[in-house]
Structure formats: C-alpha cells, structure tokens
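Structure below is entry15.txt: compact mmCIF, C-alpha atoms.
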```txt
# COMPACT_ATOMS: atom_id res chain seq x y z
CA MET A 1 -0.01 27.67 -21.00
CA LYS A 2 3.57 27.90 -22.33
CA ARG A 3 3.00 24.84 -24.51
CA LEU A 4 -0.26 26.32 -25.85
CA LEU A 5 1.47 29.59 -26.68
CA ALA A 6 4.22 27.71 -28.50
CA VAL A 7 1.68 25.76 -30.56
CA LEU A 8 -0.22 28.94 -31.38
CA SER A 9 3.03 30.66 -32.37
CA LEU A 10 3.92 27.84 -34.76
CA ALA A 11 0.40 27.87 -36.19
CA THR A 12 0.64 31.62 -36.69
CA LEU A 13 4.05 31.26 -38.35
CA SER A 14 2.74 28.56 -40.70
CA ALA A 15 -0.31 30.61 -41.66
CA CYS A 16 1.42 33.96 -42.02
CA SER A 17 1.66 34.86 -45.70
CA SER A 18 4.03 37.80 -45.21
CA GLY A 19 6.55 36.05 -42.94
CA PRO A 20 8.85 33.03 -43.31
CA ARG A 21 7.19 29.72 -44.21
CA LEU A 22 7.51 26.87 -41.68
CA ASP A 23 8.36 23.62 -43.49
CA THR A 24 7.86 20.44 -41.42
CA SER A 25 8.42 17.94 -44.24
CA HIS A 26 12.02 17.05 -43.30
CA PRO A 27 11.98 15.64 -39.74
CA SER A 28 15.39 14.62 -38.40
CA VAL A 29 16.11 11.11 -37.19
CA ASN A 30 18.88 12.40 -34.91
CA PHE A 31 17.20 12.72 -31.53
CA ASP A 32 16.27 10.70 -28.50
CA ASN A 33 13.89 10.97 -25.58
CA ARG A 34 14.50 13.73 -23.05
CA ILE A 35 13.58 11.26 -20.31
CA GLN A 36 16.51 8.91 -19.69
CA TYR A 37 16.09 8.04 -16.02
CA VAL A 38 13.54 7.43 -13.30
CA VAL A 39 14.61 8.52 -9.82
CA LEU A 40 12.83 7.07 -6.78
CA HIS A 41 12.49 8.81 -3.41
CA TYR A 42 10.75 8.56 -0.07
CA THR A 43 9.10 11.69 1.31
CA SER A 44 9.94 11.47 5.04
CA ALA A 45 6.49 12.99 5.63
CA SER A 46 2.80 12.10 5.79
CA GLN A 47 0.72 12.02 2.63
CA GLU A 48 -0.95 15.34 3.45
CA ARG A 49 2.35 17.01 4.23
CA SER A 50 4.01 15.44 1.18
CA LEU A 51 1.34 16.83 -1.13
CA GLN A 52 1.73 20.26 0.42
CA LEU A 53 5.51 20.25 0.07
CA LEU A 54 5.51 18.87 -3.47
CA THR A 55 2.88 21.27 -4.80
CA HIS A 56 3.64 24.48 -2.89
CA GLY A 57 7.20 24.04 -1.62
CA GLU A 58 10.63 24.35 -3.20
CA VAL A 59 10.72 20.73 -4.38
CA SER A 60 8.46 18.83 -6.75
CA SER A 61 8.14 15.46 -8.45
CA HIS A 62 6.21 14.11 -11.38
CA TYR A 63 4.36 11.55 -9.28
CA LEU A 64 3.59 10.78 -5.65
CA VAL A 65 2.59 7.29 -4.52
CA GLY A 66 0.39 7.67 -1.46
CA ASP A 67 0.13 5.52 1.65
CA ASP A 68 -3.66 5.24 1.68
CA ALA A 69 -5.31 1.81 1.35
CA ARG A 70 -5.18 1.91 -2.46
CA ALA A 71 -1.79 3.64 -2.69
CA THR A 72 -3.20 6.37 -4.90
CA ILE A 73 -0.85 7.69 -7.58
CA PHE A 74 -0.90 11.50 -7.71
CA LYS A 75 0.34 13.12 -10.93
CA LEU A 76 1.86 16.43 -9.86
CA VAL A 77 3.99 17.56 -12.81
CA ASP A 78 3.57 16.72 -16.48
CA GLU A 79 6.33 14.43 -17.75
CA SER A 80 7.20 16.96 -20.45
CA ALA A 81 8.17 19.47 -17.75
CA ARG A 82 11.14 19.48 -15.38
CA ALA A 83 10.38 18.71 -11.73
CA TRP A 84 12.73 19.70 -8.90
CA HIS A 85 13.48 16.38 -7.22
CA ALA A 86 17.08 15.38 -7.96
CA GLY A 87 19.15 18.44 -7.07
CA GLU A 88 22.90 18.18 -7.51
CA SER A 89 23.20 14.71 -8.96
CA GLU A 90 25.01 12.50 -11.44
CA TRP A 91 24.47 9.15 -13.09
CA ASP A 92 26.36 7.55 -15.94
CA GLY A 93 28.22 10.79 -16.60
CA ARG A 94 25.12 12.98 -16.87
CA THR A 95 24.72 15.67 -14.23
CA TRP A 96 21.79 17.65 -12.76
CA LEU A 97 19.26 14.93 -13.56
CA ASN A 98 16.17 17.11 -13.09
CA SER A 99 16.40 17.84 -16.80
CA SER A 100 16.54 14.21 -17.94
CA SER A 101 14.51 12.24 -15.42
CA ILE A 102 11.09 11.50 -14.02
CA GLY A 103 10.89 11.80 -10.26
CA ILE A 104 8.64 9.53 -8.20
CA GLU A 105 8.14 10.21 -4.50
CA ILE A 106 6.66 7.56 -2.22
CA VAL A 107 5.02 8.44 1.07
CA ASN A 108 7.25 6.79 3.67
CA PRO A 109 8.77 8.07 6.94
CA GLY A 110 12.25 6.94 5.92
CA TYR A 111 13.87 6.20 9.26
CA THR A 112 14.08 7.17 12.90
CA ASP A 113 17.13 7.01 15.14
CA GLY A 114 16.62 5.56 18.60
CA PRO A 115 18.56 4.05 21.48
CA ASN A 116 18.75 0.71 19.64
CA GLY A 117 19.96 2.21 16.39
CA ARG A 118 18.31 3.27 13.17
CA LEU A 119 14.84 1.97 12.33
CA TRP A 120 13.85 1.94 8.65
CA TYR A 121 10.22 1.85 7.59
CA PRO A 122 8.93 -0.63 5.01
CA TYR A 123 6.80 0.10 1.97
CA SER A 124 3.28 -1.34 1.88
CA GLU A 125 2.24 -4.02 -0.60
CA ALA A 126 -0.28 -1.58 -2.09
CA GLN A 127 2.49 0.96 -2.67
CA VAL A 128 4.68 -1.64 -4.35
CA GLN A 129 1.84 -2.73 -6.62
CA SER A 130 1.00 0.84 -7.61
CA LEU A 131 4.66 1.62 -8.21
CA ILE A 132 5.09 -1.44 -10.44
CA VAL A 133 2.13 -0.40 -12.61
CA LEU A 134 3.40 3.19 -12.84
CA LEU A 135 6.98 2.22 -13.64
CA LYS A 136 6.02 -0.28 -16.32
CA ASP A 137 3.97 2.39 -18.03
CA ILE A 138 6.74 5.00 -17.83
CA ILE A 139 9.42 2.58 -19.03
CA THR A 140 7.33 1.38 -21.97
CA ARG A 141 6.42 4.86 -23.15
CA ASN A 142 9.92 6.29 -22.81
CA GLY A 143 12.15 3.31 -23.64
CA ILE A 144 14.18 3.69 -20.42
CA GLU A 145 17.08 1.30 -19.88
CA PRO A 146 16.61 -1.02 -16.88
CA ARG A 147 19.81 0.16 -15.20
CA HIS A 148 18.50 3.72 -15.29
CA ILE A 149 15.78 3.01 -12.74
CA ILE A 150 17.67 4.43 -9.78
CA GLY A 151 17.34 5.84 -6.30
CA HIS A 152 18.13 9.29 -4.99
CA SER A 153 20.98 7.77 -3.01
CA ASP A 154 22.47 6.37 -6.23
CA ILE A 155 22.71 9.78 -7.87
CA ALA A 156 23.62 11.78 -4.74
CA PRO A 157 25.41 9.35 -2.37
CA MET A 158 27.13 12.10 -0.39
CA ARG A 159 23.87 13.62 0.83
CA LYS A 160 20.89 11.28 0.29
CA LEU A 161 19.71 7.88 1.64
CA ASP A 162 16.33 7.49 -0.04
CA PRO A 163 14.59 5.29 -0.97
CA GLY A 164 16.46 3.33 1.73
CA PRO A 165 17.48 -0.31 2.32
CA LEU A 166 13.90 -1.57 2.57
CA PHE A 167 12.98 -0.40 -0.91
CA PRO A 168 12.07 -3.53 -2.94
CA TRP A 169 14.64 -3.35 -5.75
CA LYS A 170 14.75 -7.13 -6.02
CA ARG A 171 10.96 -7.34 -6.29
CA LEU A 172 10.94 -4.72 -9.03
CA ALA A 173 13.63 -6.58 -10.96
CA GLN A 174 11.53 -9.74 -10.79
CA GLU A 175 8.80 -7.71 -12.50
CA GLY A 176 11.19 -6.70 -15.26
CA ILE A 177 11.94 -3.29 -13.77
CA GLY A 178 15.58 -2.42 -13.13
CA ILE A 179 18.44 -4.87 -12.76
CA TRP A 180 19.45 -7.42 -10.16
CA PRO A 181 22.43 -9.81 -10.13
CA ASP A 182 22.15 -13.56 -10.74
CA GLU A 183 22.91 -15.20 -7.38
CA ARG A 184 24.71 -18.18 -8.94
CA LEU A 185 27.11 -15.93 -10.82
CA VAL A 186 27.65 -13.80 -7.72
CA ALA A 187 28.49 -16.87 -5.62
CA ALA A 188 31.03 -18.05 -8.18
CA GLN A 189 32.68 -14.64 -8.44
CA GLN A 190 32.64 -14.15 -4.68
CA ALA A 191 34.71 -17.29 -4.16
CA LEU A 192 37.34 -15.92 -6.51
CA TYR A 193 37.41 -12.47 -4.93
CA ALA A 194 37.56 -13.95 -1.42
CA ALA A 195 40.93 -15.37 -2.34
CA ARG A 196 42.16 -12.09 -3.78
CA LEU A 197 40.19 -8.90 -3.30
CA PRO A 198 40.58 -6.28 -6.06
CA ASP A 199 42.24 -3.01 -5.13
CA ILE A 200 40.35 0.23 -4.46
CA LEU A 201 40.91 1.60 -7.97
CA TRP A 202 39.16 -1.48 -9.38
CA PHE A 203 36.14 -0.81 -7.17
CA GLN A 204 36.12 2.83 -8.23
CA GLN A 205 36.32 1.91 -11.90
CA GLN A 206 33.56 -0.69 -11.66
CA LEU A 207 31.26 1.66 -9.74
CA ALA A 208 31.79 4.35 -12.37
CA ARG A 209 31.10 1.85 -15.12
CA LEU A 210 27.81 0.95 -13.48
CA GLY A 211 26.84 4.63 -13.38
CA TYR A 212 27.98 6.02 -10.02
CA ARG A 213 30.03 9.19 -9.81
CA THR A 214 33.14 7.88 -8.08
CA PRO A 215 36.67 9.21 -7.50
CA GLN A 216 39.31 7.42 -9.57
CA THR A 217 42.22 7.83 -7.16
CA GLY A 218 42.82 4.37 -5.78
CA VAL A 219 42.22 5.79 -2.29
CA LEU A 220 39.41 4.61 0.00
CA ASP A 221 38.32 8.10 1.00
CA GLU A 222 35.00 9.28 2.44
CA GLU A 223 33.40 9.86 -0.95
CA THR A 224 34.34 6.39 -2.19
CA ARG A 225 32.97 4.81 0.99
CA ASN A 226 29.70 6.68 0.55
CA VAL A 227 29.40 5.50 -3.04
CA ILE A 228 30.12 1.91 -2.03
CA ALA A 229 27.51 2.19 0.73
CA ALA A 230 24.92 3.55 -1.72
CA PHE A 231 25.66 0.71 -4.12
CA GLN A 232 25.40 -1.84 -1.31
CA MET A 233 22.13 -0.35 -0.03
CA HIS A 234 20.67 -0.82 -3.51
CA PHE A 235 22.05 -4.29 -4.32
CA ARG A 236 22.95 -5.75 -0.90
CA PRO A 237 20.72 -4.02 1.62
CA GLN A 238 21.52 -6.47 4.43
CA ARG A 239 24.84 -4.68 4.97
CA PHE A 240 25.76 -1.29 3.55
CA ASP A 241 28.79 -0.29 5.57
CA GLY A 242 30.82 1.16 2.71
CA GLU A 243 33.54 -1.46 3.08
CA PRO A 244 34.88 -3.03 -0.14
CA ASP A 245 34.52 -6.80 0.22
CA ALA A 246 34.36 -9.95 -1.88
CA GLN A 247 30.57 -10.05 -2.18
CA SER A 248 30.34 -6.41 -3.21
CA ALA A 249 33.06 -7.01 -5.79
CA ALA A 250 31.19 -10.04 -7.12
CA ILE A 251 27.90 -8.13 -7.41
CA LEU A 252 29.66 -5.30 -9.25
CA GLN A 253 31.29 -7.73 -11.65
CA VAL A 254 28.03 -9.51 -12.42
CA LEU A 255 26.02 -6.30 -12.84
CA ASN A 256 28.53 -4.80 -15.22
CA SER A 257 28.60 -7.99 -17.26
CA MET A 258 24.82 -7.55 -17.64
CA ARG A 259 25.10 -3.98 -18.90
CA PHE A 260 24.85 -4.69 -22.61
CA ARG A 261 22.36 -7.54 -22.51
CA THR A 262 18.81 -7.06 -23.67
CA PRO A 263 16.18 -6.27 -21.00
CA ALA A 264 14.63 -9.74 -21.45
CA THR A 265 17.85 -11.44 -20.33
CA GLN A 266 19.12 -8.98 -17.76
CA ASN A 267 17.37 -9.99 -14.58
CA GLY A 268 18.37 -13.65 -14.25
CA SER A 269 17.54 -15.32 -10.97
CA ALA A 270 17.15 -13.02 -8.00
CA MET A 271 19.30 -13.07 -4.91
```
Could you express the structure from this file as structure tokens?
Amino acid sequence: MKRLLAVLSLATLSACSSGPRLDTSHPSVNFDNRIQYVVLHYTSASQERSLQLLTHGEVSSHYLVGDDARATIFKLVDESARAWHAGESEWDGRTWLNSSSIGIEIVNPGYTDGPNGRLWYPYSEAQVQSLIVLLKDIITRNGIEPRHIIGHSDIAPMRKLDPGPLFPWKRLAQEGIGIWPDERLVAAQQALYAARLPDILWFQQQLARLGYRTPQTGVLDEETRNVIAAFQMHFRPQRFDGEPDAQSAAILQVLNSMRFRTPATQNGSAM
C-alpha cells in the first residue's frame, strides 16, 4: 500500500499543471543495490510454529524454507522491505543489517543439550536443494558478493549460534554460493603457522578483514574467542572452540587472499 501511494503521488506530481514538474530524464549512476547481504538462520521451532512467529510475532524474515517433503519456500516479506531478522549485528563495517540484507530462516530445531553434550540437528537434502535454488536466484538478481552470504552467528557472534555447525557451507560453496578455502593452500599455510603461530592481534586483524566485528586489542578476551568460534563454526565446523590455532590461521589467510578474486575463481577445491 505504501509503495502504491508513492507511485500515485509521483504520478499526481508529474500530471499536476499548477505544481512543480517532475523531470526523470537525468538518472544518476551513483547508486548501488540496497541488498548487500544474505543472512541465514535456523528457526529452533516447527514449521507451523515458525510461520506463526515470523508472520505474527516480533521477528520476521523474507523467506522461510520449510521441513516438509518438498522443503517449500515461503515468501513472507517482499525483498524491497526490511524484515526483522538480524537485530544488533555487524559485517564488514556495516551495522544493523536488517536494512541491507535478505533474511532466510530454515526450519530446524537447532540443538538440544543432554547428558552426553550438545546435539545439533542436520538439514535435510530437500532443504539444501531448495536453499540452493533460492540463493542462486537472490544472488543473481542482486549482485551479492560471495563472501556476503553469511550466518546469524557471523554477524552477531556474542549472542547467536545459527545456522549452526551442521549447516552445509561447503556444499553451498561447491554450488558457487559463498566462499570456502582451498584445502591445498590451507595445508601449506598450516605447516608454516604450526612452526610459528601469529599473535592475537594478527587474528583480530584478519577476522576484521574478512568481515567480522572483532576487538583490535591484541588480547584474547571473551569477545575475541566468540568471534574465533563463530568463524571456526562456519569454516571449520569439526572444532569451534574459540582457540587460535595453526589451522584457523591458515584458513583465515587463504580466505582473505581470495577476497578480491572474481566469483568464478573464488571457491577452489573444497576442504
């Protein structure tokens, strides 16, 4: 309705003989797309409950990928509008990403804590297939950089864990969505860093360069550990303990060396 009113207002302005004339013959070339990022989430709820929360609750997302047999994609908010999915967040220096991102929720329980530790729930093959189709369409239409396909935990590492360590980042990268480090380059760098591990400030600088909001103090404090853990959960989900180590350093180095390559050459071989 707001968009319709705006269009009608412009039409009225253009047609009004007594008011100012609207001239649209000089369009500026100085603009870019409002949508810079895609943020991925799990819902921690059933499909029915997720739809209820995302349509009548305090949060919303542009899309919901269901957990039914066909992994139905529900469009909940138009991409031209701002959905409330990111909250307090930051990536690559830009804050409050609701205004510059598309949010995609995926029906998934997340995790449960039990006597044997934390149990994470996998995503179904149907969900992965639906998500790949959806993401390719969004990326193509909006020209989104591969490294800006991110998780909620990447943009809010102090308070969020979704989409979790079982989210198929590697699989998506193999489909040309997002980034993933070349395992041969990582192995070579890891051998070097095993002999001499970079200091904490180096880790903080490299994480910030990749896009994470990270303290630049040279101190391994709680916030830095959380950021390292979020990074590890995304790019080394087998162990995300927040400890700076040679493999994490190598992955960071390789990913940041990929930053300015073209999308066609970014993915390399998967780990």
Pick from A:Ser60, A:Ser99, A:Arg34, A:Gln127, whichever lies nearest to Ile73 (chain A) using all atoms listed in the file: A:Gln127
Shortest interatomic distance to Ser61 (chain A) - which of A:Ile102, A:Glu88, A:Gln36, A:Ala187, counting only C-alpha atoms: A:Ile102
Counting all atoms listed in the file, the option among A:Glu125, A:Asp92, A:Asp68, A:Asp182 closest to Gly211 (chain A): A:Asp92
Nearest to Gly143 (chain A) by atom-to-atom distance, counting all atoms listed in the file, from A:Ala249, A:Val38, A:Val227, A:Ala208: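 Ranked by minimum distance to Gly143 (chain A), first place goes to A:Val38.
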Long-range neighbours of region 75-83 of chain A as a ChimeraX atom specification, 12 Å cut-off, all atoms listed in the file, 2 positions minimum in chain: /A:2-3,33-39,50-66,72-73,85-87,96-105,134,138,141-142
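The list of residues with at least one atom within 9 Å of Asp67 (chain A), based on all atoms listed in the file and without residues fewer than 5 positions apart in the same chain, reads Ser46, Gln47, Thr72, Ile106, Val107, Asn108, Tyr123, Ser124, Ala126 and Gln127 of chain A.
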Would you mind exporting the chosen residues as an mmCIF file, keeping the file's coordinate frame, restricted to C-alpha atoms?
```cif
data_model
loop_
_atom_site.group_PDB
_atom_site.id
_atom_site.type_symbol
_atom_site.label_atom_id
_atom_site.label_comp_id
_atom_site.auth_asym_id
_atom_site.auth_seq_id
_atom_site.Cartn_x
_atom_site.Cartn_y
_atom_site.Cartn_z
ATOM 1 C CA SER A 46 2.800 12.100 5.790
ATOM 2 C CA GLN A 47 0.720 12.020 2.630
ATOM 3 C CA THR A 72 -3.200 6.370 -4.900
ATOM 4 C CA ILE A 106 6.660 7.560 -2.220
ATOM 5 C CA VAL A 107 5.020 8.440 1.070
ATOM 6 C CA ASN A 108 7.250 6.790 3.670
ATOM 7 C CA TYR A 123 6.800 0.100 1.970
ATOM 8 C CA SER A 124 3.280 -1.340 1.880
ATOM 9 C CA ALA A 126 -0.280 -1.580 -2.090
ATOM 10 C CA GLN A 127 2.490 0.960 -2.670
#
```
Nearest to Gly164 (chain A) by atom-to-atom distance, counting all atoms listed in the file, from A:Ile150, A:Leu131, A:Ile179, A:Val219: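 Checking each candidate against Gly164 (chain A), we get A:Ile150 as the closest.
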Polymer residues at most 8 Å from Glu175 (chain A), all atoms listed in the file, same-chain spacing of 3 or more positions, as a list of chain:residue names: A:Ile132, A:Arg171, A:Leu172
Residue with smallest distance to Glu145 (chain A) - pool A:Leu210, A:Gly178, A:Leu40, A:Arg196, counting all atoms listed in the file: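 Ranking A:Leu210, A:Gly178, A:Leu40, A:Arg196 by distance to Glu145 (chain A), first place goes to A:Gly178.
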Surrounding residues of Glu90 (chain A) excluding itself and chain neighbours under 3 positions, 7 Å, all atoms listed in the file, as a VMD selection string: chain A and resid 93 to 97 155 to 156 213
Between CA of Pro198 (chain A) and CA of Leu220 (chain A), distance in Å (one decimal):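 Interatomic distance here is 12.5 Å.
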Residues within 12 Å of Ala191 (chain A), all atoms listed in the file, excluding chain neighbours under 2 positions, as a count of residues only: 18
Atomic separation - CA of Pro109 (chain A) relative to CA of Pro244 (chain A), Å: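 Atom-to-atom, CA of Pro244 (chain A) to CA of Pro109 (chain A), that is 29.2 Å.
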d(CA of Leu161 (chain A), CA of Gln206 (chain A)) in Å: 21.0 Å
